[in-house]
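Enquirer: Sharing a structure below in structure tokens format, with a few things to ask.
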Amino acid sequence: MTDLSEREFDDLVKQLQGVSVGTISLCLIKNGYKHCQIEGIRPVTAACRFVGRARTLATLPYREDKVADTQSERRSRNAHREIVDGAGPNDVIVVAARGVLHAAVIGDLLIECAKVNGAVAFVTDGAVRDTRNYPSDFPVHAGATHTMTFRNVHAAAEINVPVACGEVLVEPGDLVVGDEDGVVIIPWKIAREVVKVSREQEALDEFLKAKISSGASLDDVAPPTEAVMAEYRTTAR
């Protein structure tokens, strides 16, 4: 999936704690990646901040023969269950639901299982259900809520394959970051550089906010003048 070792990945996760989705999106755009924020989703739990690794599930539209093939009563073949059962520490479960909002892709039992197994969040461009029973400390971002269950509309296809979620390509192993403003995907191939630049941008933003608080003109800090940047570089040493 990626060339990031577990140690490297854990370090990147730690470095991204507290870095906003807005900052990361800005840095991705500066690096030429303009389509990395998942569209049309929102937090549905009190907890909304997370950083983790994408574990993906592709879905297909319901069709009787396909459902019989992909969601056999033999649960070992049920990808819908396997995406949760096989989750582990640092995993963010990303279910690509084709933007369909009239049937939930997950409910409270599977969310509880995901949390117990060590997953750090759940993301879908589809709908979820039973939200009142979700753990308040487990981030869930979704396109909507709906009472209809998965098998009425969806067929689970493959786990850990590239998917389109909210008009964004998500590959297994990509970094996924969420907060109050949404969810952004950091392609694993550029993760090291994006994390580095995002942390630098966050530090600069904090410095500029402090300058504004102390009376600096907006014209001097947005964008920062060379004099302000020189002061920042001195402070950041």
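Residue numbering restarts at 1 for every chain of the structure tokens, chains are lettered A, B, ... in their displayed order, and ligands are numbered from 1 as they appear.
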I'd like the contact shell of Ile29 of chain A - 12 Å cut-off, only C-alpha atoms, skipping same-chain residues fewer than 6 positions apart - returned as a VMD selection string.

Expert: chain A and resid 22 to 23 35 to 37 184 to 186 194 197 to 198

Enquirer: Print the selection's residues with N, CA and C atoms to a file, as a PDB file, in the first residue's frame.

Expert:
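Resulting contents of selection-v7.pdb:
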```pdb
ATOM      1  N   GLY A  22      -8.043  23.019   7.379  1.00  0.00           N
ATOM      2  CA  GLY A  22      -7.864  24.187   6.521  1.00  0.00           C
ATOM      3  C   GLY A  22      -6.409  24.413   6.151  1.00  0.00           C
ATOM      4  N   THR A  23      -5.517  24.287   7.129  1.00  0.00           N
ATOM      5  CA  THR A  23      -4.092  24.457   6.871  1.00  0.00           C
ATOM      6  C   THR A  23      -3.585  23.380   5.919  1.00  0.00           C
ATOM      7  N   HIS A  35      -7.853  18.636  -5.146  1.00  0.00           N
ATOM      8  CA  HIS A  35      -9.075  17.850  -4.973  1.00  0.00           C
ATOM      9  C   HIS A  35      -8.891  16.804  -3.885  1.00  0.00           C
ATOM     10  N   CYS A  36      -8.628  17.274  -2.672  1.00  0.00           N
ATOM     11  CA  CYS A  36      -8.344  16.346  -1.578  1.00  0.00           C
ATOM     12  C   CYS A  36      -9.310  16.481  -0.394  1.00  0.00           C
ATOM     13  N   GLN A  37     -10.193  17.471  -0.383  1.00  0.00           N
ATOM     14  CA  GLN A  37     -11.150  17.587   0.711  1.00  0.00           C
ATOM     15  C   GLN A  37     -12.462  16.941   0.306  1.00  0.00           C
ATOM     16  N   VAL A 184      -9.942  15.826   5.076  1.00  0.00           N
ATOM     17  CA  VAL A 184      -9.020  15.971   3.955  1.00  0.00           C
ATOM     18  C   VAL A 184      -8.158  14.719   3.838  1.00  0.00           C
ATOM     19  N   ILE A 185      -7.821  14.378   2.605  1.00  0.00           N
ATOM     20  CA  ILE A 185      -6.971  13.227   2.309  1.00  0.00           C
ATOM     21  C   ILE A 185      -5.575  13.719   1.935  1.00  0.00           C
ATOM     22  N   ILE A 186      -4.565  13.157   2.573  1.00  0.00           N
ATOM     23  CA  ILE A 186      -3.182  13.444   2.196  1.00  0.00           C
ATOM     24  C   ILE A 186      -2.646  12.201   1.483  1.00  0.00           C
ATOM     25  N   VAL A 194       3.988  17.132   2.876  1.00  0.00           N
ATOM     26  CA  VAL A 194       2.784  17.885   3.251  1.00  0.00           C
ATOM     27  C   VAL A 194       2.713  18.081   4.763  1.00  0.00           C
ATOM     28  N   VAL A 197       5.297  20.845   5.659  1.00  0.00           N
ATOM     29  CA  VAL A 197       4.863  22.182   5.250  1.00  0.00           C
ATOM     30  C   VAL A 197       3.650  22.635   6.064  1.00  0.00           C
ATOM     31  N   SER A 198       2.751  21.716   6.368  1.00  0.00           N
ATOM     32  CA  SER A 198       1.553  22.062   7.146  1.00  0.00           C
ATOM     33  C   SER A 198       1.914  22.521   8.555  1.00  0.00           C
TER      34      SER A 198
END
```

Enquirer: What's the 12 Å shell around Thr131 of chain A, counting only C-alpha atoms, without same-chain residues fewer than 3 positions away, as a PyMOL selection string?

Expert: chain A and resi 43-46+104+106-112+127-128+134-136+138-142+144-147

Enquirer: Write out, as a PDB file, in the first residue's frame, the residues just selected, with C-alpha atoms.

Expert:
```
ATOM      1  CA  PRO A  43     -19.455  15.613  11.672  1.00  0.00           C
ATOM      2  CA  VAL A  44     -22.329  13.681  13.257  1.00  0.00           C
ATOM      3  CA  THR A  45     -20.680  13.088  16.653  1.00  0.00           C
ATOM      4  CA  ALA A  46     -19.389  15.520  19.258  1.00  0.00           C
ATOM      5  CA  ALA A 104     -27.200   4.038   5.934  1.00  0.00           C
ATOM      6  CA  ILE A 106     -23.337   1.704   9.163  1.00  0.00           C
ATOM      7  CA  GLY A 107     -25.154   1.669  12.488  1.00  0.00           C
ATOM      8  CA  ASP A 108     -24.301   1.736  16.168  1.00  0.00           C
ATOM      9  CA  LEU A 109     -23.208  -1.904  16.534  1.00  0.00           C
ATOM     10  CA  LEU A 110     -20.599  -1.715  13.783  1.00  0.00           C
ATOM     11  CA  ILE A 111     -19.432   1.708  14.974  1.00  0.00           C
ATOM     12  CA  GLU A 112     -18.907   0.248  18.444  1.00  0.00           C
ATOM     13  CA  ALA A 127     -25.588   8.090   5.264  1.00  0.00           C
ATOM     14  CA  VAL A 128     -25.346   6.610   8.764  1.00  0.00           C
ATOM     15  CA  TYR A 134     -22.603   6.338  18.907  1.00  0.00           C
ATOM     16  CA  PRO A 135     -19.735   6.799  21.374  1.00  0.00           C
ATOM     17  CA  SER A 136     -19.414  10.551  21.813  1.00  0.00           C
ATOM     18  CA  PHE A 138     -15.517   8.482  18.278  1.00  0.00           C
ATOM     19  CA  PRO A 139     -15.462  10.802  15.234  1.00  0.00           C
ATOM     20  CA  VAL A 140     -17.980  10.021  12.503  1.00  0.00           C
ATOM     21  CA  HIS A 141     -18.283  12.201   9.396  1.00  0.00           C
ATOM     22  CA  ALA A 142     -21.084  11.439   6.931  1.00  0.00           C
ATOM     23  CA  ALA A 144     -26.538  12.440   6.060  1.00  0.00           C
ATOM     24  CA  THR A 145     -28.492  10.254   8.443  1.00  0.00           C
ATOM     25  CA  HIS A 146     -31.117   7.779   7.265  1.00  0.00           C
ATOM     26  CA  THR A 147     -33.024   4.892   8.811  1.00  0.00           C
TER      27      THR A 147
END
```

Enquirer: I'd like the neighbourhood of Val100 of chain A as a ChimeraX atom specification, where a residue qualifies if any of its atoms comes within 8 Å (using only C-alpha atoms), though same-chain residues fewer than 3 positions away should be ignored.

Expert: /A:97,103,125-127

Enquirer: Which of these, A:Gly18, A:Gly99, A:Gly86, A:Gly40, has the shortest distance to Ala58 of chain A once you count only C-alpha atoms?

Expert: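 Among the listed residues, A:Gly99 lies closest to Ala58 of chain A.
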
Enquirer: Just the residues within 8 Å of Val183 of chain A, please, counting only C-alpha atoms, with nothing from its chain fewer than 3 positions along; format it as a ChimeraX atom specification.

Expert: /A:21,37-38,141,176-179

Enquirer: Take the selection from the previous step and output its residues with N, CA and C atoms, as an mmCIF file, in the first residue's frame.

Expert:
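Result file is result04.cif:
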```cif
data_model
loop_
_atom_site.group_PDB
_atom_site.id
_atom_site.type_symbol
_atom_site.label_atom_id
_atom_site.label_comp_id
_atom_site.auth_asym_id
_atom_site.auth_seq_id
_atom_site.Cartn_x
_atom_site.Cartn_y
_atom_site.Cartn_z
ATOM 1 N N VAL A 21 -7.566 21.068 9.269
ATOM 2 C CA VAL A 21 -7.874 20.642 7.908
ATOM 3 C C VAL A 21 -7.691 21.802 6.936
ATOM 4 N N GLN A 37 -10.193 17.471 -0.383
ATOM 5 C CA GLN A 37 -11.150 17.587 0.711
ATOM 6 C C GLN A 37 -12.462 16.941 0.306
ATOM 7 N N ILE A 38 -12.912 15.988 1.107
ATOM 8 C CA ILE A 38 -14.121 15.231 0.793
ATOM 9 C C ILE A 38 -15.335 16.154 0.846
ATOM 10 N N HIS A 141 -17.923 11.169 10.370
ATOM 11 C CA HIS A 141 -18.283 12.201 9.396
ATOM 12 C C HIS A 141 -19.063 11.520 8.281
ATOM 13 N N VAL A 176 -5.666 10.435 6.554
ATOM 14 C CA VAL A 176 -6.985 11.063 6.603
ATOM 15 C C VAL A 176 -7.027 11.929 7.854
ATOM 16 N N VAL A 177 -7.387 13.197 7.682
ATOM 17 C CA VAL A 177 -7.429 14.135 8.805
ATOM 18 C C VAL A 177 -8.801 14.799 8.833
ATOM 19 N N GLY A 178 -9.397 14.853 10.016
ATOM 20 C CA GLY A 178 -10.707 15.478 10.144
ATOM 21 C C GLY A 178 -10.766 16.450 11.299
ATOM 22 N N ASP A 179 -11.618 17.456 11.154
ATOM 23 C CA ASP A 179 -11.913 18.359 12.259
ATOM 24 C C ASP A 179 -13.272 19.009 12.005
#
```

Enquirer: In Å, how far is it from atom CA of Cys113 of chain A to atom CA of Ile159 of chain A?

Expert: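 Those two atoms sit 16.9 Å apart.
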
Enquirer: At most 12 Å is the cut-off: for each residue in segment 1-96 of chain A with any atom that close to an atom of segment 199-211 of chain A, write down the nearest atom pair and the distance in Å rounded to one decimal, counting only C-alpha atoms, chain first then increasing number, as JSON lines.

Expert:
```
{"residue": "A:Leu12", "atom": "CA", "partner": "A:Arg199", "partner_atom": "CA", "distance": 10.6}
{"residue": "A:Val13", "atom": "CA", "partner": "A:Arg199", "partner_atom": "CA", "distance": 11.9}
{"residue": "A:Lys14", "atom": "CA", "partner": "A:Arg199", "partner_atom": "CA", "distance": 11.2}
{"residue": "A:Gln15", "atom": "CA", "partner": "A:Arg199", "partner_atom": "CA", "distance": 7.5}
{"residue": "A:Leu16", "atom": "CA", "partner": "A:Arg199", "partner_atom": "CA", "distance": 7.4}
{"residue": "A:Gln17", "atom": "CA", "partner": "A:Arg199", "partner_atom": "CA", "distance": 9.7}
{"residue": "A:Gly18", "atom": "CA", "partner": "A:Glu202", "partner_atom": "CA", "distance": 9.1}
{"residue": "A:Val19", "atom": "CA", "partner": "A:Glu202", "partner_atom": "CA", "distance": 6.6}
{"residue": "A:Ser20", "atom": "CA", "partner": "A:Glu202", "partner_atom": "CA", "distance": 8.0}
{"residue": "A:Val21", "atom": "CA", "partner": "A:Glu202", "partner_atom": "CA", "distance": 10.6}
{"residue": "A:Gly22", "atom": "CA", "partner": "A:Glu202", "partner_atom": "CA", "distance": 9.8}
{"residue": "A:Thr23", "atom": "CA", "partner": "A:Glu202", "partner_atom": "CA", "distance": 6.6}
{"residue": "A:Ile24", "atom": "CA", "partner": "A:Arg199", "partner_atom": "CA", "distance": 8.7}
{"residue": "A:Ser25", "atom": "CA", "partner": "A:Gln201", "partner_atom": "CA", "distance": 11.1}
{"residue": "A:Leu26", "atom": "CA", "partner": "A:Gln201", "partner_atom": "CA", "distance": 9.0}
{"residue": "A:Cys27", "atom": "CA", "partner": "A:Gln201", "partner_atom": "CA", "distance": 7.8}
{"residue": "A:Leu28", "atom": "CA", "partner": "A:Gln201", "partner_atom": "CA", "distance": 11.5}
{"residue": "A:Lys30", "atom": "CA", "partner": "A:Gln201", "partner_atom": "CA", "distance": 11.3}
```

Enquirer: Tell me, which residues of segment 135-182 of chain A carry DSSP strand (DSSP E or B), written as a ChimeraX atom specification?

Expert: /A:140-142,144-145,154-159,163-165,168-170,175-179,182

Enquirer: Store the residues picked out above, limited to N, CA and C atoms, as a PDB file, in the first residue's frame.

Expert:
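Here's the written file selection-v5.pdb:
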```pdb
ATOM      1  N   VAL A 140     -17.281  10.545  13.670  1.00  0.00           N
ATOM      2  CA  VAL A 140     -17.980  10.021  12.503  1.00  0.00           C
ATOM      3  C   VAL A 140     -18.363  11.206  11.622  1.00  0.00           C
ATOM      4  N   HIS A 141     -17.923  11.169  10.370  1.00  0.00           N
ATOM      5  CA  HIS A 141     -18.283  12.201   9.396  1.00  0.00           C
ATOM      6  C   HIS A 141     -19.063  11.520   8.281  1.00  0.00           C
ATOM      7  N   ALA A 142     -20.225  12.079   7.926  1.00  0.00           N
ATOM      8  CA  ALA A 142     -21.084  11.439   6.931  1.00  0.00           C
ATOM      9  C   ALA A 142     -21.856  12.492   6.146  1.00  0.00           C
ATOM     10  N   ALA A 144     -25.177  12.288   5.550  1.00  0.00           N
ATOM     11  CA  ALA A 144     -26.538  12.440   6.060  1.00  0.00           C
ATOM     12  C   ALA A 144     -26.805  11.331   7.069  1.00  0.00           C
ATOM     13  N   THR A 145     -27.988  11.374   7.651  1.00  0.00           N
ATOM     14  CA  THR A 145     -28.492  10.254   8.443  1.00  0.00           C
ATOM     15  C   THR A 145     -29.742   9.709   7.757  1.00  0.00           C
ATOM     16  N   HIS A 154     -27.293  -0.920  -0.980  1.00  0.00           N
ATOM     17  CA  HIS A 154     -25.873  -1.108  -1.289  1.00  0.00           C
ATOM     18  C   HIS A 154     -25.487  -2.582  -1.353  1.00  0.00           C
ATOM     19  N   ALA A 155     -24.447  -2.849  -2.109  1.00  0.00           N
ATOM     20  CA  ALA A 155     -23.743  -4.129  -2.057  1.00  0.00           C
ATOM     21  C   ALA A 155     -22.287  -3.834  -1.736  1.00  0.00           C
ATOM     22  N   ALA A 156     -21.752  -4.489  -0.702  1.00  0.00           N
ATOM     23  CA  ALA A 156     -20.341  -4.310  -0.370  1.00  0.00           C
ATOM     24  C   ALA A 156     -19.500  -5.000  -1.430  1.00  0.00           C
ATOM     25  N   ALA A 157     -18.476  -4.310  -1.919  1.00  0.00           N
ATOM     26  CA  ALA A 157     -17.651  -4.863  -2.989  1.00  0.00           C
ATOM     27  C   ALA A 157     -16.295  -5.279  -2.464  1.00  0.00           C
ATOM     28  N   GLU A 158     -15.308  -4.389  -2.495  1.00  0.00           N
ATOM     29  CA  GLU A 158     -13.940  -4.751  -2.135  1.00  0.00           C
ATOM     30  C   GLU A 158     -13.394  -3.885  -1.011  1.00  0.00           C
ATOM     31  N   ILE A 159     -12.509  -4.486  -0.232  1.00  0.00           N
ATOM     32  CA  ILE A 159     -11.836  -3.773   0.859  1.00  0.00           C
ATOM     33  C   ILE A 159     -10.426  -3.386   0.419  1.00  0.00           C
ATOM     34  N   VAL A 163     -10.841   4.181  -3.919  1.00  0.00           N
ATOM     35  CA  VAL A 163     -12.265   4.493  -4.013  1.00  0.00           C
ATOM     36  C   VAL A 163     -12.444   5.987  -4.267  1.00  0.00           C
ATOM     37  N   ALA A 164     -13.637   6.337  -4.733  1.00  0.00           N
ATOM     38  CA  ALA A 164     -14.039   7.737  -4.847  1.00  0.00           C
ATOM     39  C   ALA A 164     -15.022   8.022  -3.732  1.00  0.00           C
ATOM     40  N   CYS A 165     -14.643   8.913  -2.832  1.00  0.00           N
ATOM     41  CA  CYS A 165     -15.502   9.264  -1.702  1.00  0.00           C
ATOM     42  C   CYS A 165     -15.676  10.774  -1.684  1.00  0.00           C
ATOM     43  N   VAL A 168     -13.522  12.599  -4.149  1.00  0.00           N
ATOM     44  CA  VAL A 168     -12.084  12.575  -3.884  1.00  0.00           C
ATOM     45  C   VAL A 168     -11.575  11.146  -3.997  1.00  0.00           C
ATOM     46  N   LEU A 169     -10.430  10.978  -4.647  1.00  0.00           N
ATOM     47  CA  LEU A 169      -9.788   9.669  -4.707  1.00  0.00           C
ATOM     48  C   LEU A 169      -9.116   9.377  -3.368  1.00  0.00           C
ATOM     49  N   VAL A 170      -9.448   8.221  -2.793  1.00  0.00           N
ATOM     50  CA  VAL A 170      -8.830   7.788  -1.540  1.00  0.00           C
ATOM     51  C   VAL A 170      -8.177   6.436  -1.786  1.00  0.00           C
ATOM     52  N   LEU A 175      -3.186   9.274   4.353  1.00  0.00           N
ATOM     53  CA  LEU A 175      -3.506   9.884   5.632  1.00  0.00           C
ATOM     54  C   LEU A 175      -4.859  10.581   5.524  1.00  0.00           C
ATOM     55  N   VAL A 176      -5.666  10.435   6.554  1.00  0.00           N
ATOM     56  CA  VAL A 176      -6.985  11.063   6.603  1.00  0.00           C
ATOM     57  C   VAL A 176      -7.027  11.929   7.854  1.00  0.00           C
ATOM     58  N   VAL A 177      -7.387  13.197   7.682  1.00  0.00           N
ATOM     59  CA  VAL A 177      -7.429  14.135   8.805  1.00  0.00           C
ATOM     60  C   VAL A 177      -8.801  14.799   8.833  1.00  0.00           C
ATOM     61  N   GLY A 178      -9.397  14.853  10.016  1.00  0.00           N
ATOM     62  CA  GLY A 178     -10.707  15.478  10.144  1.00  0.00           C
ATOM     63  C   GLY A 178     -10.766  16.450  11.299  1.00  0.00           C
ATOM     64  N   ASP A 179     -11.618  17.456  11.154  1.00  0.00           N
ATOM     65  CA  ASP A 179     -11.913  18.359  12.259  1.00  0.00           C
ATOM     66  C   ASP A 179     -13.272  19.009  12.005  1.00  0.00           C
ATOM     67  N   GLY A 182     -14.211  19.658   8.258  1.00  0.00           N
ATOM     68  CA  GLY A 182     -14.350  18.603   7.278  1.00  0.00           C
ATOM     69  C   GLY A 182     -13.247  17.571   7.341  1.00  0.00           C
TER      70      GLY A 182
END
```

Enquirer: Figure out the distance between atom CA of Arg42 of chain A and atom CA of Asp10 of chain A, please, to one decimal in Å.

Expert: 25.9 Å

Enquirer: For each of A:Gly166, A:Pro172, A:Pro187, A:Gly118, take the minimum atom-to-atom distance to Thr56 of chain A, counting only C-alpha atoms, then give the residue where this is smallest.

Expert: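 The shortest atom-to-atom distance to Thr56 of chain A comes from A:Pro172.
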
Enquirer: If you measure from atom CA of Gly32 of chain A to atom CA of Thr59 of chain A, what distance in Å do you get, rounded to one decimal?

Expert: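 Calculated distance between atom CA of Gly32 of chain A and atom CA of Thr59 of chain A is 29.0 Å.
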
Enquirer: Can you check which residues of segment 109-223 of chain A DSSP gives as alpha helix (DSSP H) on the backbone and send them as JSON, numbers by chain?

Expert: {"A": [109, 110, 111, 112, 113, 114, 115, 116, 191, 192, 193, 194, 195, 196, 197, 198, 199, 200, 201, 202, 203, 204, 205, 206, 207, 208, 209, 210, 211, 212, 213, 218, 219, 220, 221]}
